[in-house]
Amino acid sequence: MNLHEPTARAVSRLSGKTTLVALSGIPLIKAGDDLASVILDALRTSQESLCDGDVLVIAQKIVSKSEGRLISLGSIEPSANAMNLAKEVNKDPRLIELILRESTEVVRHTRDVLVVAHKLGFVMANAGIDQSNIEDGGDAALLLPENPDETCARLRSRLHALTGADVAIIINDSHGRAFRNGTVGVAIGASGLPALTDRRGEADLYGRTLRSTEVALADEIAAAASLLMGQAAESRPVVLAHGVPMQLRDGSAAELIRPKHMDLFRQPSGDAIIRGRRSVRRYKDDVIAQTLLERLLSAAVCAPSAHNRQPWRFAIVQDANSKAHLATAMGAQLRADRQRDGDATEAIEQDVARSIARITSAPTLVLTCLTMEEMDRYLDPRRTEAEWTMAVQGTAMATQNLLLAAHAAGLAASVMCAPLFCPDIVRAALDLSADWEPQALVTLGYPANGGKPLLRKPLTSVMRVVRAVP
Ligand SMILES: Cc1cc2nc3c(=O)[nH]c(=O)nc-3n(C[C@H](O)[C@H](O)[C@H](O)COP(=O)(O)O)c2cc1C
């Protein structure tokens with residue numbers, strides 16, 4: 001039987017008709033099986049032949065199996081990291097270890113869900129590692145093919161050599177999607193067709209130029225094919241598509257991956273923001289837009305506070321003269337304090353110069369203050385002090401919100417506690433009312449460096465589970 005029918009691709013393209021056929025007679029695939037021969041046998045069994053321009057869609061599962069990507073979980077030693085994550089997502093730690101090894105980043109996780117960026121670039125659940133439809137599904141897991149685009153290119157040239165047909169190949173897999181329920185077939189490997197069809201510059205029905213339309217052609221074909229492949233026991237892992245309308249260009253599934261820096265939805269998780277924040281004390285000269293600053297302060301005031309009295313106040317300092325005036329006044333107090341301590345003049349002057357430079361070189365200063373104006377009043381000092389501590393705590397929490405919001409927005413910040421040592425001087429320099437008690441000077445700007453690495457005591461040294469003494 002001739003497996004190559006040299007039909008012109010343009011005929012079916014103009015006819016507006018695409019046909020998809022699931023090939024029959026595909027056996028269970030084992031490591032080392034030659035997929036080209038398997039496909040040729042299946043074409044004969046199905047009484048189908050290949051035309052130039054046809055697309056063969058192959059399920060990831062049989063590609064992975066043929067490439068020996070089946071791993072016994074018994075051979076996996078989970079790391080401490082994997083053990084912890086496994087508890088959080090309620091999965092086998094060995095599986096989590098495999099997922100972490102196959103990925104570059106955990107994008108999101110919660111109980112029963114683990115979304116990662118796979119080494120290949122796909123953002124997907126469980127790094128595409130699957131335990132369905134494999135022998136010994138309890139103890140074994142199937143990884144994605146090592147390089148699906150390369151597999152497609154190899155298979156394509158092999159089929160060309162064997163049949164003379166110039167076909168395109170897609171490897172498809174089922175992916176869940178952000179914002180929509182249900183999985184859908186997508187291309188994780190492609191060769192011989194443009195994975196992405198650029199329609200920009202073409203005219204619409206009314207002559208308007210398309211400005212941003214790029215069609216994920218390989219994904220559309222992958223989804224159509226997965227309709228025939230099924231998900232459970234259908235055993236139809238290869239689909240032949242005739243008459244797919246497409247431009248003549250080679251491509252790869254890598255085209256479908258949106259770079260991280262262009263992905264508006266790839267914001268770091270709350271956890272990543274908290275862990276990624278550092279005190280950064282050097283800034284670029286770039287000015288922080290007023291709207292952004294207000295966004296940060298509206299995050300600050302989301303902090304909790306005792307009786308919801310919101311005791312925080314913020315003095316914003318942006319102009320160079322005010323910064324210099326404040327820094328010099330605070331520097332004078334620092335000098336006087338250290339002279340009283342008997343420190344060496346040179347060391348004092350260095351310290352003062354450093355403090356002045358820190359304050360004046362930050363594009364924006366936010367002086368966080370507290371006010372007792374609306375806090376409860378008591379007659380006894382014990383409760384009066386507790387009430388004041390509550391205001392300190394609320395203001396500190398608002399300050400932390402400010403630091404985190406700044407970090408999430410790509411800004412850097414650091415806290416200076418110096419105003420606590422000279423509240424009257426700070427109030428006088430900035431003309432603040434007497435009830436504003438300066439707490440911290442937050443320096444803000446676009447980072448000129450990444451800050452120091454995170455250095456923290458082990459959790460075990462700062463926590464213990466306690467019981468009440470009866
Ligand atoms: C109440 C408070 C006061 C601080 N005061 C200063 C300060 O005066 N100067 C300074 O360089 N950093 C100050 N910091 C920042 C700490 O040095 C910094 O948070 C700490 O070294 C940990 O580094 P990280 O924030 O990068 O994790 C202060 C932090 C807090 C919470």
# chains A, B, ... in the order shown; residues from 1 in each chain; ligands from 1
>>> closest_atom_pairs(of="chain A", to="ligand 1", cutoff="10 Å", atoms="only C-alpha atoms and all ligand atoms", output="CSV")
residue,atom,partner,partner_atom_place_in_ligand_line,distance
A:Ile274,CA,ligand 1,27 (O),9.8
A:Arg275,CA,ligand 1,27 (O),8.8
A:Gly276,CA,ligand 1,27 (O),8.8
A:Arg277,CA,ligand 1,26 (O),6.7
A:Arg278,CA,ligand 1,26 (O),3.4
A:Ser279,CA,ligand 1,26 (O),3.6
A:Val280,CA,ligand 1,26 (O),6.7
A:Arg281,CA,ligand 1,11 (O),7.1
A:Ser355,CA,ligand 1,9 (N),8.6
A:Arg358,CA,ligand 1,11 (O),8.7
A:Ala396,CA,ligand 1,1 (C),7.8
A:Thr399,CA,ligand 1,31 (C),9.0
A:Gln400,CA,ligand 1,31 (C),8.3
A:Leu403,CA,ligand 1,25 (O),9.3
A:Ala413,CA,ligand 1,25 (O),8.8
A:Ser414,CA,ligand 1,15 (C),6.0
A:Val415,CA,ligand 1,14 (N),4.7
A:Met416,CA,ligand 1,8 (O),3.4
A:Cys417,CA,ligand 1,5 (N),4.1
A:Ala418,CA,ligand 1,8 (O),5.5
A:Pro419,CA,ligand 1,8 (O),8.7
A:Leu420,CA,ligand 1,3 (C),9.4
A:Gln439,CA,ligand 1,1 (C),8.3
A:Ala440,CA,ligand 1,3 (C),7.0
A:Leu441,CA,ligand 1,8 (O),8.3
A:Val442,CA,ligand 1,6 (C),9.1
A:Thr443,CA,ligand 1,10 (C),9.9
A:Gly450,CA,ligand 1,26 (O),9.2
A:Gly451,CA,ligand 1,26 (O),6.1
A:Lys452,CA,ligand 1,26 (O),5.8
A:Pro453,CA,ligand 1,26 (O),6.9
A:Leu454,CA,ligand 1,27 (O),5.5
A:Leu455,CA,ligand 1,27 (O),7.0
A:Arg456,CA,ligand 1,27 (O),8.1
>>> write_last_selection(atoms="C-alpha atoms", output="PDB file, in the first residue's frame")
ATOM      1  CA  ILE A 274       6.981  38.030  51.568  1.00  0.00           C
ATOM      2  CA  ARG A 275      10.019  35.799  51.079  1.00  0.00           C
ATOM      3  CA  GLY A 276      11.503  37.973  48.336  1.00  0.00           C
ATOM      4  CA  ARG A 277      11.444  41.298  50.197  1.00  0.00           C
ATOM      5  CA  ARG A 278      14.822  42.596  51.335  1.00  0.00           C
ATOM      6  CA  SER A 279      15.975  45.850  52.860  1.00  0.00           C
ATOM      7  CA  VAL A 280      17.500  47.706  49.927  1.00  0.00           C
ATOM      8  CA  ARG A 281      19.357  50.885  50.778  1.00  0.00           C
ATOM      9  CA  SER A 355      22.988  58.703  57.592  1.00  0.00           C
ATOM     10  CA  ARG A 358      20.922  57.478  53.031  1.00  0.00           C
ATOM     11  CA  ALA A 396       4.462  48.748  62.483  1.00  0.00           C
ATOM     12  CA  THR A 399       4.843  49.915  57.710  1.00  0.00           C
ATOM     13  CA  GLN A 400       5.353  46.249  56.844  1.00  0.00           C
ATOM     14  CA  LEU A 403       7.411  47.482  52.448  1.00  0.00           C
ATOM     15  CA  ALA A 413      12.574  50.100  50.566  1.00  0.00           C
ATOM     16  CA  SER A 414      14.328  50.127  53.866  1.00  0.00           C
ATOM     17  CA  VAL A 415      13.430  51.194  57.375  1.00  0.00           C
ATOM     18  CA  MET A 416      15.486  53.665  59.430  1.00  0.00           C
ATOM     19  CA  CYS A 417      14.744  53.755  63.126  1.00  0.00           C
ATOM     20  CA  ALA A 418      16.671  57.027  63.684  1.00  0.00           C
ATOM     21  CA  PRO A 419      13.519  59.190  64.122  1.00  0.00           C
ATOM     22  CA  LEU A 420      12.828  57.311  67.364  1.00  0.00           C
ATOM     23  CA  GLN A 439       8.231  55.803  64.353  1.00  0.00           C
ATOM     24  CA  ALA A 440      10.291  54.991  61.284  1.00  0.00           C
ATOM     25  CA  LEU A 441      11.704  56.634  58.209  1.00  0.00           C
ATOM     26  CA  VAL A 442      11.034  54.429  55.189  1.00  0.00           C
ATOM     27  CA  THR A 443      13.349  55.154  52.265  1.00  0.00           C
ATOM     28  CA  GLY A 450      19.176  43.429  45.355  1.00  0.00           C
ATOM     29  CA  GLY A 451      19.934  43.850  49.060  1.00  0.00           C
ATOM     30  CA  LYS A 452      21.569  41.238  51.248  1.00  0.00           C
ATOM     31  CA  PRO A 453      20.541  37.580  51.146  1.00  0.00           C
ATOM     32  CA  LEU A 454      17.913  36.406  53.609  1.00  0.00           C
ATOM     33  CA  LEU A 455      19.550  35.428  56.870  1.00  0.00           C
ATOM     34  CA  ARG A 456      17.210  34.097  59.531  1.00  0.00           C
TER      35      ARG A 456
END
>>> residues_around(residues="segment 31-44 of chain A", least_positions_apart="2", cutoff="6 Å", atoms="only C-alpha atoms", output="list in words")
Leu23, Ser24, Gly25, Ile26, Ser46, Gln47, Glu48, Lys65, Ser66, Glu67 and Gly68 of chain A
>>> residues_around(residues="Leu85 of chain A", least_positions_apart="2", cutoff="10 Å", atoms="only C-alpha atoms", output="ChimeraX atom specification")
/A:79-83,87-93,96-97,100,109-111,114
>>> closest_residue(among="A:Ile171, A:Ala117, A:Met330, A:Leu240", to="Cys51 of chain A", atoms="only C-alpha atoms")
A:Leu240
>>> closest_residue(among="A:Val55, A:Leu432, A:Leu334, A:Ala86", to="Leu367 of chain A", atoms="only C-alpha atoms")
A:Leu432
>>> residues_around(residues="segment 260-264 of chain A", least_positions_apart="2", cutoff="12 Å", atoms="only C-alpha atoms", output="PyMOL selection string")
chain A and resi 105+107+117+121-123+257-258+266-268
>>> write_last_selection(atoms="N, CA and C atoms", output="mmCIF file, in the first residue's frame")
data_model
loop_
_atom_site.group_PDB
_atom_site.id
_atom_site.type_symbol
_atom_site.label_atom_id
_atom_site.label_comp_id
_atom_site.auth_asym_id
_atom_site.auth_seq_id
_atom_site.Cartn_x
_atom_site.Cartn_y
_atom_site.Cartn_z
ATOM 1 N N GLU A 105 10.340 26.479 38.760
ATOM 2 C CA GLU A 105 9.697 27.406 39.703
ATOM 3 C C GLU A 105 8.326 26.871 40.096
ATOM 4 N N VAL A 107 4.848 27.929 40.715
ATOM 5 C CA VAL A 107 4.114 29.157 40.388
ATOM 6 C C VAL A 107 2.969 29.381 41.383
ATOM 7 N N ALA A 117 6.434 25.972 36.709
ATOM 8 C CA ALA A 117 6.984 26.259 35.380
ATOM 9 C C ALA A 117 7.903 25.091 35.049
ATOM 10 N N GLY A 121 9.445 25.327 29.862
ATOM 11 C CA GLY A 121 8.810 26.650 29.796
ATOM 12 C C GLY A 121 7.313 26.625 30.020
ATOM 13 N N PHE A 122 6.688 25.455 29.902
ATOM 14 C CA PHE A 122 5.230 25.393 30.069
ATOM 15 C C PHE A 122 4.861 25.593 31.541
ATOM 16 N N VAL A 123 3.875 26.447 31.779
ATOM 17 C CA VAL A 123 3.338 26.561 33.137
ATOM 18 C C VAL A 123 2.194 25.560 33.227
ATOM 19 N N ILE A 257 5.142 29.675 24.021
ATOM 20 C CA ILE A 257 5.396 30.054 25.418
ATOM 21 C C ILE A 257 5.589 31.557 25.526
ATOM 22 N N ARG A 258 4.718 32.189 26.286
ATOM 23 C CA ARG A 258 4.833 33.648 26.474
ATOM 24 C C ARG A 258 5.967 33.910 27.460
ATOM 25 N N ARG A 266 1.514 36.548 35.673
ATOM 26 C CA ARG A 266 2.525 35.775 36.388
ATOM 27 C C ARG A 266 3.047 36.569 37.580
ATOM 28 N N GLN A 267 2.170 37.222 38.314
ATOM 29 C CA GLN A 267 2.605 37.949 39.502
ATOM 30 C C GLN A 267 3.077 36.936 40.532
ATOM 31 N N PRO A 268 4.085 37.280 41.310
ATOM 32 C CA PRO A 268 4.488 36.347 42.353
ATOM 33 C C PRO A 268 3.358 36.155 43.367
#
>>> atom_distance(atom1="atom CA of Gln60 of chain A", atom2="atom CA of Asn147 of chain A")
11.3 Å
>>> closest_residue(among="A:Gly410, A:Gly445, A:Pro245, A:Gly331", to="Thr364 of chain A", atoms="only C-alpha atoms")
A:Gly445
>>> residues_around(residues="Val301 of chain A", least_positions_apart="5", cutoff="12 Å", atoms="only C-alpha atoms", output="short mmCIF file (atom, residue, chain, number, x, y, z; two decimals) with C-alpha atoms, in the first residue's frame")
data_model
loop_
_atom_site.label_atom_id
_atom_site.label_comp_id
_atom_site.auth_asym_id
_atom_site.auth_seq_id
_atom_site.Cartn_x
_atom_site.Cartn_y
_atom_site.Cartn_z
CA GLU A 294 -0.70 56.39 46.82
CA ARG A 295 -1.26 52.75 45.83
CA LEU A 296 1.46 51.71 48.28
CA ASN A 308 -9.62 49.62 64.07
CA ARG A 309 -8.53 53.10 65.18
CA GLN A 310 -5.90 53.24 62.45
CA PRO A 311 -3.33 55.14 64.50
CA TRP A 312 -0.84 55.47 61.63
CA ARG A 313 0.05 58.71 59.92
CA PHE A 314 2.41 59.19 56.98
CA THR A 368 5.56 56.69 59.57
CA GLY A 394 -0.65 48.87 64.26
CA THR A 395 1.76 51.42 62.81
CA ALA A 396 4.46 48.75 62.48
CA MET A 397 2.04 46.49 60.63
CA ALA A 398 1.13 49.31 58.26
CA THR A 399 4.84 49.91 57.71
CA GLN A 400 5.35 46.25 56.84
CA ASN A 401 2.42 46.42 54.39
CA LEU A 402 4.13 49.41 52.80
CA ALA A 405 3.53 46.53 48.54
#
>>> atom_distance(atom1="atom CA of Leu56 of chain A", atom2="atom CA of Val238 of chain A")
6.9 Å
>>> select_by_dssp(residues="segment 82-223 of chain A", states="strand (DSSP E)", output="ChimeraX atom specification")
/A:103-110,113-118,123-125,140-142,168-177,180-191,197-198,214-215
>>> closest_residue(among="A:Leu411, A:Ile221, A:Ala329, A:Ala141", to="Val57 of chain A", atoms="only C-alpha atoms")
A:Ile221
>>> closest_residue(among="A:Asp285, A:Asp204, A:Asp149, A:Asp130", to="Lys61 of chain A", atoms="only C-alpha atoms")
A:Asp130
>>> atom_distance(atom1="atom CA of Ala216 of chain A", atom2="atom CA of Asn181 of chain A")
19.3 Å
